[in-house]
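One structure is given below, encoded as structure tokens.
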Amino acid sequence: MLATLLGVSLIVFGLMRLIPGTVVEQLLGQSALITEETLRSLRAFFGLDRPWYVQFSEWAWGLLRGDLGHSWRSDRPVAALILSRLPVSAELAVLSVAWSLIIGIPLGIVGAVRRGSADGFVRIVSTLGLSVPAFWQGTLLILLFSVYLQWMPSLQWIPFTQDPLGNLSIMALPALTLGTATAAMISRMTRSAMLDVLGQDYVRTARAKGLGPRRVLLRHALRNALIPVITVAGVQMGYILGGIVVVEDVFSLPGVGRLLLDAIFQRDYPVVQGTILVGAALFMLLNFAVDLLYAVIDPRIQYQ
Amino acid sequence: MDSDDRHTRDRNGVTRREFLKTAGGVGVGFAVTGLAVPRGLWAAPAPRATPRRGGQITFGSAALPASIEPHLEGADIYQRRKPLFYETLTWVDFDLAPRPMLAERWEERSPTEYIFHLRRGVKFHNGKEMDAEDVKYSYERVLDPKTGSGGRGDLIMIRSIDVVDRYTLRFTLHEPNATFLINLAGKYNAVIPKDAVRTGRELQQAAIGTGPFRVEAFEPNRRLVLRRFDDYWDRGKPYLDGITFQAIPDESSLVAGLRAGQIDMVQFESGANFQLVRHLRTLNNIQAPAIRWVVLDLAGDMEPTKNPDVRRAVGLAIDRDAVLRIAGNGLGQRLGVLPPAMTFWALPVDRLPNQKRDVARARELLQRAGLRPPVPLTIRNIVGFPSLAASLQVIADNLREAGFEVKVETVDIGVWIKDWIARQSPSTMNEWGGFVDPDQAFYRHYRQPPQGVDFRRWGNPEVDRLLDEGRRTLDRNRRKAIYDRVQMMLAEDPISVPLYAPHLLYTLNRKIKGFRPYPTGFLYGLRFVWVEE
């Protein structure tokens, strides 16, 4: 994990410096009368006048001490910036995964059990869900709900603890947008896993023993079909972390995605580096949690 | 009353023309006395109804700045809001003339020596009284190359700043400079307490100014909360208790917020969204001429636009009325070189050459330049500027008809700024403005280095000479003649092809009264705003 994080930090550090333009030009704007002296002063102010390996070593040394650095534009600690935005993004991710599971699993089961028109419907819906880009879907939902239906949640972020209903009304559309593609993927995976499991001997045995169809489906078939579904859901968390950037921008949510996007536009290297590094660490932790979950679902799996 | 003035009328306010007439009168009065001593800074026409103290408004905008540093942050989204909490010695009024602000008055002892008498009892937001040392420190900080302020070039004419006494300063210039008083009000300037800066980073998040509002909370890129400064020197102002600026990147969400009453005021960048809310009875709309223009800037040192005939061909090929109609939704003005909102300085379109589309002539010019159609022309565009993208579509079509083959190259703003200030940008779409004097508009843009930047690499020595002369000449009418000549030269050899000047587009809740648009888009007008019960 440490090696991966080191790799990620090197890649992010390098990529940011490959993008043309620095915080200096952003700060000066297009009309400033710039002299070499001014540019030199500002580059020195941000430490951009030093070799890249010196800059990286300083940043890495800070990381080892648990310091992600300070934002170049706002001078706030990067860790504090991320922490202040994390609850929004975490809630969005959890809600969208919940949404995708609530929609995706039943749809997949229906598709597997009711072969025919219902299955066709499920396949069309899941293909659509996978094909529609989040930014387009988000804009359509904003237009539909706020402009045509006149249903407008608060534009000011409200924490769940302060006003649960107000919070959920803000998060509903973004979670729907972010979770749609994952729901489609999960419904497809559930359908194919269920089809596979429903043809297994132990399901036939369960039916022969006289168990009711619901019990066979939910206790015997679904539980076994869930292992690949959970793997997909885990992998989809990566997609969701990426999608958060787009969805938070479209819905004006003050989360980590917006923080990252603003920082990229402003060439605020410490914020970009810190945010991506934290995102990568979270992704690895999630995958680790998914691995642990296998053992809970399938007792045959044991970790030494 | 022309159509612009008709549009500009706030349903319960005054027209821009009525306002300018009165403000102009006030200005003439000041000029006659020689010393400008207004009773109150905002000696402007009184609104019809009596303003009411109290109330708060939420102002929605697509973006907010990452920092509120007074001398470094150059972003337009910051500069527009900065006058609400930072102030300067002078300000440029709605009539585009310099007026006293933190200076109560000034004396011009000679063309290179100015004595400024400060207002007494001006308090900073931290309670400290402002004095001459603070003013000297603030302007010297901008001038100091170590600070790295983009505004240093605006003050470079200053030789020295001396404190005469606690409330008096002497500014000595290297040579006479026509825009000195205007530049003191420049966007990078702000008077701050002398002891406010230790590492240089303190002011990125907290503001200690003298303005009518103090910064109560600032969340980078998200929210800026201003509260009424009770010790403000212009007693009785401002009327509002507070203003919250809320960043909402998606303009359709801004529209929705206005409709739902969650946002009280918006400045739209997009004419299409402004038109979406125009018909709503709960809202007022203000459309005002702006000193801002959309332009196609040509590269003077790259093929094929290094040839003046090709530049002329580009200018003649473009249907600027169509660009305004299609890309600007008709919500703006045609311009020749300077926007009509610079009323005294701008030459009208009908007095300038090469303003009408003439495709046949454009083809002839290409032939004269020895070029055979299709002539390849790369035009750069910037991500996130819908008006530029829309203009570019029309332009590309127009140019194709004249024999050009347009290749569009889209880059993000960071790349664009880097190449622009490094003087290596190809021909590019651009939107600029915010100037109140032709020297500000022309000098750094067209004067060759080291005095200017000549971003487009025009390299025109005659223009250099005129711009130097315009800067040194103090007589306004003589300056006008000089800048008329510069405008003629820019029209004859269009290194920049101005397309249209988009109007300032504001939509506000009907309970908001007294707002006056400022030509550069700066939100000075929010000082007068009050909320009806």
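A note on labels: chains of the structure tokens are A, B, ... as shown, every chain counts residues from 1, and ligands are counted from 1 in their shown order.
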*Hey, what's within 8 Å of Pro374 of chain B if we count only C-alpha atoms and toss same-chain stuff fewer than 6 positions away? As a PyMOL selection string, please?*
chain B and resi 400+403-405
Same residues, N, CA, C and O atoms, output as a compact mmCIF listing (two decimals), in the first residue's frame:
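Wrote out-v5.txt, looks like this:
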```
# COMPACT_ATOMS: atom_id res chain seq x y z
N ARG B 400 -14.33 31.16 -43.38
CA ARG B 400 -14.32 30.10 -44.40
C ARG B 400 -14.81 30.67 -45.74
O ARG B 400 -14.24 30.41 -46.78
N GLY B 403 -12.15 32.47 -47.58
CA GLY B 403 -11.02 31.70 -48.08
C GLY B 403 -10.06 31.20 -47.01
O GLY B 403 -8.97 30.73 -47.32
N PHE B 404 -10.45 31.31 -45.75
CA PHE B 404 -9.59 30.78 -44.68
C PHE B 404 -10.04 29.37 -44.31
O PHE B 404 -11.22 29.03 -44.44
N GLU B 405 -9.10 28.58 -43.83
CA GLU B 405 -9.44 27.28 -43.27
C GLU B 405 -9.11 27.36 -41.78
O GLU B 405 -7.93 27.36 -41.40
```
*Counting only C-alpha atoms, which residues from chain B have an atom at most 6 Å from any atom of chain A, and could you show them as a ChimeraX atom specification?*
/B:66-67,73-74,145-146,148,150,153,204,248,256,414-415,417-418
*asked:* Taking 5 positions as the minimum chain separation for residues in the same chain, which residues sit within 10 Å of Asp196 of chain A when counting only C-alpha atoms? Answer as a ChimeraX atom specification.
replied: /A:112,190-191,221,224-225
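For the choices A:Thr127, A:Thr4, A:Ser117, A:Gln137, the atom-to-atom distance to Ala175 of chain A is smallest for A:Gln137 when using only C-alpha atoms.
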_At a cut-off of 9 Å, using only C-alpha atoms, what residues contact Val314 of chain B? Leave out same-chain residues fewer than 5 positions from it and give the result as a list in words._
Thr305, Asp309, Ala362, Leu399, Ala402, Phe404, Pro494 and Val497 of chain B
*segment 87-281 of chain A: which residues are alpha helix (DSSP H) by DSSP, as a ChimeraX atom specification?*
/A:87-113,117-131,134-142,164-198,201-208,213-215,223-250,256-265,269-281
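You can rank B:Glu469, B:Asp397, B:Asp134, B:Glu431 by their closest distance to Val191 of chain B using only C-alpha atoms, and at the top of that list sits B:Asp134.
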From a backbone DSSP assignment, name each residue in segment 425-513 of chain B labelled strand (DSSP E or B), as a PDB file with C-alpha atoms, in the first residue's frame.
```
ATOM      1  CA  THR B 428      -6.937  33.782 -30.033  1.00  0.00           C
ATOM      2  CA  MET B 429     -10.403  34.569 -28.840  1.00  0.00           C
ATOM      3  CA  ASN B 430     -10.264  36.908 -25.901  1.00  0.00           C
ATOM      4  CA  GLU B 431     -12.495  38.919 -23.638  1.00  0.00           C
ATOM      5  CA  TRP B 432     -11.056  41.920 -21.926  1.00  0.00           C
ATOM      6  CA  GLY B 433     -12.023  45.180 -20.353  1.00  0.00           C
ATOM      7  CA  SER B 496      -7.265  43.008 -32.630  1.00  0.00           C
ATOM      8  CA  VAL B 497     -10.688  42.541 -34.174  1.00  0.00           C
ATOM      9  CA  PRO B 498     -13.234  43.755 -31.589  1.00  0.00           C
ATOM     10  CA  LEU B 499     -16.476  41.839 -32.053  1.00  0.00           C
ATOM     11  CA  TYR B 500     -19.004  43.224 -29.579  1.00  0.00           C
ATOM     12  CA  ALA B 501     -19.310  44.672 -26.096  1.00  0.00           C
ATOM     13  CA  PRO B 502     -21.612  42.444 -24.043  1.00  0.00           C
ATOM     14  CA  LEU B 504     -23.788  43.861 -17.976  1.00  0.00           C
ATOM     15  CA  LEU B 505     -26.758  41.640 -17.190  1.00  0.00           C
ATOM     16  CA  TYR B 506     -28.201  41.701 -13.693  1.00  0.00           C
ATOM     17  CA  THR B 507     -31.338  40.056 -12.425  1.00  0.00           C
ATOM     18  CA  LEU B 508     -32.528  40.903  -8.962  1.00  0.00           C
ATOM     19  CA  ASN B 509     -35.399  40.336  -6.663  1.00  0.00           C
ATOM     20  CA  ILE B 512     -33.856  45.102  -3.930  1.00  0.00           C
ATOM     21  CA  LYS B 513     -33.711  48.807  -4.657  1.00  0.00           C
TER      22      LYS B 513
END
```
*Leaving out segment 216-218 of chain A and any residue of its chain fewer than 3 positions from it, which residues lie within 9 Å of it when counting only C-alpha atoms, given as a PyMOL selection string?*
chain A and resi 109+194+198+203+206-207+211-213+221-223
Could those selected residues go to a file with N, CA and C atoms, as an mmCIF file, in the first residue's frame?
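What ended up in part_12.cif:
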```cif
data_model
loop_
_atom_site.group_PDB
_atom_site.id
_atom_site.type_symbol
_atom_site.label_atom_id
_atom_site.label_comp_id
_atom_site.auth_asym_id
_atom_site.auth_seq_id
_atom_site.Cartn_x
_atom_site.Cartn_y
_atom_site.Cartn_z
ATOM 1 N N ILE A 109 -32.410 -9.177 -10.275
ATOM 2 C CA ILE A 109 -33.167 -10.383 -9.892
ATOM 3 C C ILE A 109 -34.374 -10.555 -10.811
ATOM 4 N N MET A 194 -27.148 -14.344 -11.006
ATOM 5 C CA MET A 194 -28.353 -15.067 -10.606
ATOM 6 C C MET A 194 -28.686 -16.163 -11.619
ATOM 7 N N LEU A 198 -28.963 -19.872 -10.361
ATOM 8 C CA LEU A 198 -30.275 -20.537 -10.426
ATOM 9 C C LEU A 198 -30.217 -21.884 -11.150
ATOM 10 N N VAL A 203 -29.553 -25.299 -5.804
ATOM 11 C CA VAL A 203 -30.825 -24.557 -5.916
ATOM 12 C C VAL A 203 -31.935 -25.547 -6.271
ATOM 13 N N ALA A 206 -32.768 -27.439 -3.216
ATOM 14 C CA ALA A 206 -33.583 -26.635 -2.286
ATOM 15 C C ALA A 206 -35.037 -26.634 -2.721
ATOM 16 N N ARG A 207 -35.240 -26.500 -4.044
ATOM 17 C CA ARG A 207 -36.620 -26.506 -4.552
ATOM 18 C C ARG A 207 -37.254 -27.881 -4.302
ATOM 19 N N LEU A 211 -38.847 -26.009 -0.478
ATOM 20 C CA LEU A 211 -38.755 -24.622 0.004
ATOM 21 C C LEU A 211 -39.529 -23.696 -0.935
ATOM 22 N N GLY A 212 -40.094 -22.638 -0.372
ATOM 23 C CA GLY A 212 -40.847 -21.671 -1.171
ATOM 24 C C GLY A 212 -39.936 -20.923 -2.112
ATOM 25 N N PRO A 213 -40.486 -20.441 -3.253
ATOM 26 C CA PRO A 213 -39.653 -19.770 -4.259
ATOM 27 C C PRO A 213 -38.909 -18.551 -3.690
ATOM 28 N N ALA A 221 -30.070 -18.590 -3.537
ATOM 29 C CA ALA A 221 -29.483 -18.102 -4.800
ATOM 30 C C ALA A 221 -28.798 -16.748 -4.628
ATOM 31 N N LEU A 222 -29.530 -15.783 -4.059
ATOM 32 C CA LEU A 222 -29.012 -14.413 -4.022
ATOM 33 C C LEU A 222 -27.711 -14.303 -3.238
ATOM 34 N N ARG A 223 -27.663 -14.956 -2.103
ATOM 35 C CA ARG A 223 -26.469 -14.840 -1.247
ATOM 36 C C ARG A 223 -25.204 -15.273 -1.997
#
```
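The two atoms in question, atom CA of Trp61 of chain A and atom CA of Met16 of chain A, are spaced 18.7 Å apart.
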*Counting only C-alpha atoms, the residue of A:Gly62, A:Gly108, A:Pro87, A:Pro174 that sits nearest Val247 of chain A*: A:Pro174
*Of the candidates B:Leu64, B:Met488, B:Ala341, B:Val122, which shows the shortest atom-to-atom distance to Pro249 of chain B, using only C-alpha atoms?*
B:Leu64
*asked:* Can you tell me which residues surround Phe385 of chain B at a distance of at most 12 Å, considering only C-alpha atoms, apart from same-chain residues fewer than 6 positions away, and format the answer as a ChimeraX atom specification?
replied: /B:62,269-270,294,327,391-392,410-413,429-431
*Residues within 9 Å of Trp99 of chain A, only C-alpha atoms, excluding chain neighbours under 5 positions, as a ChimeraX atom specification*: /A:94,104,175-176,179-180,182-183
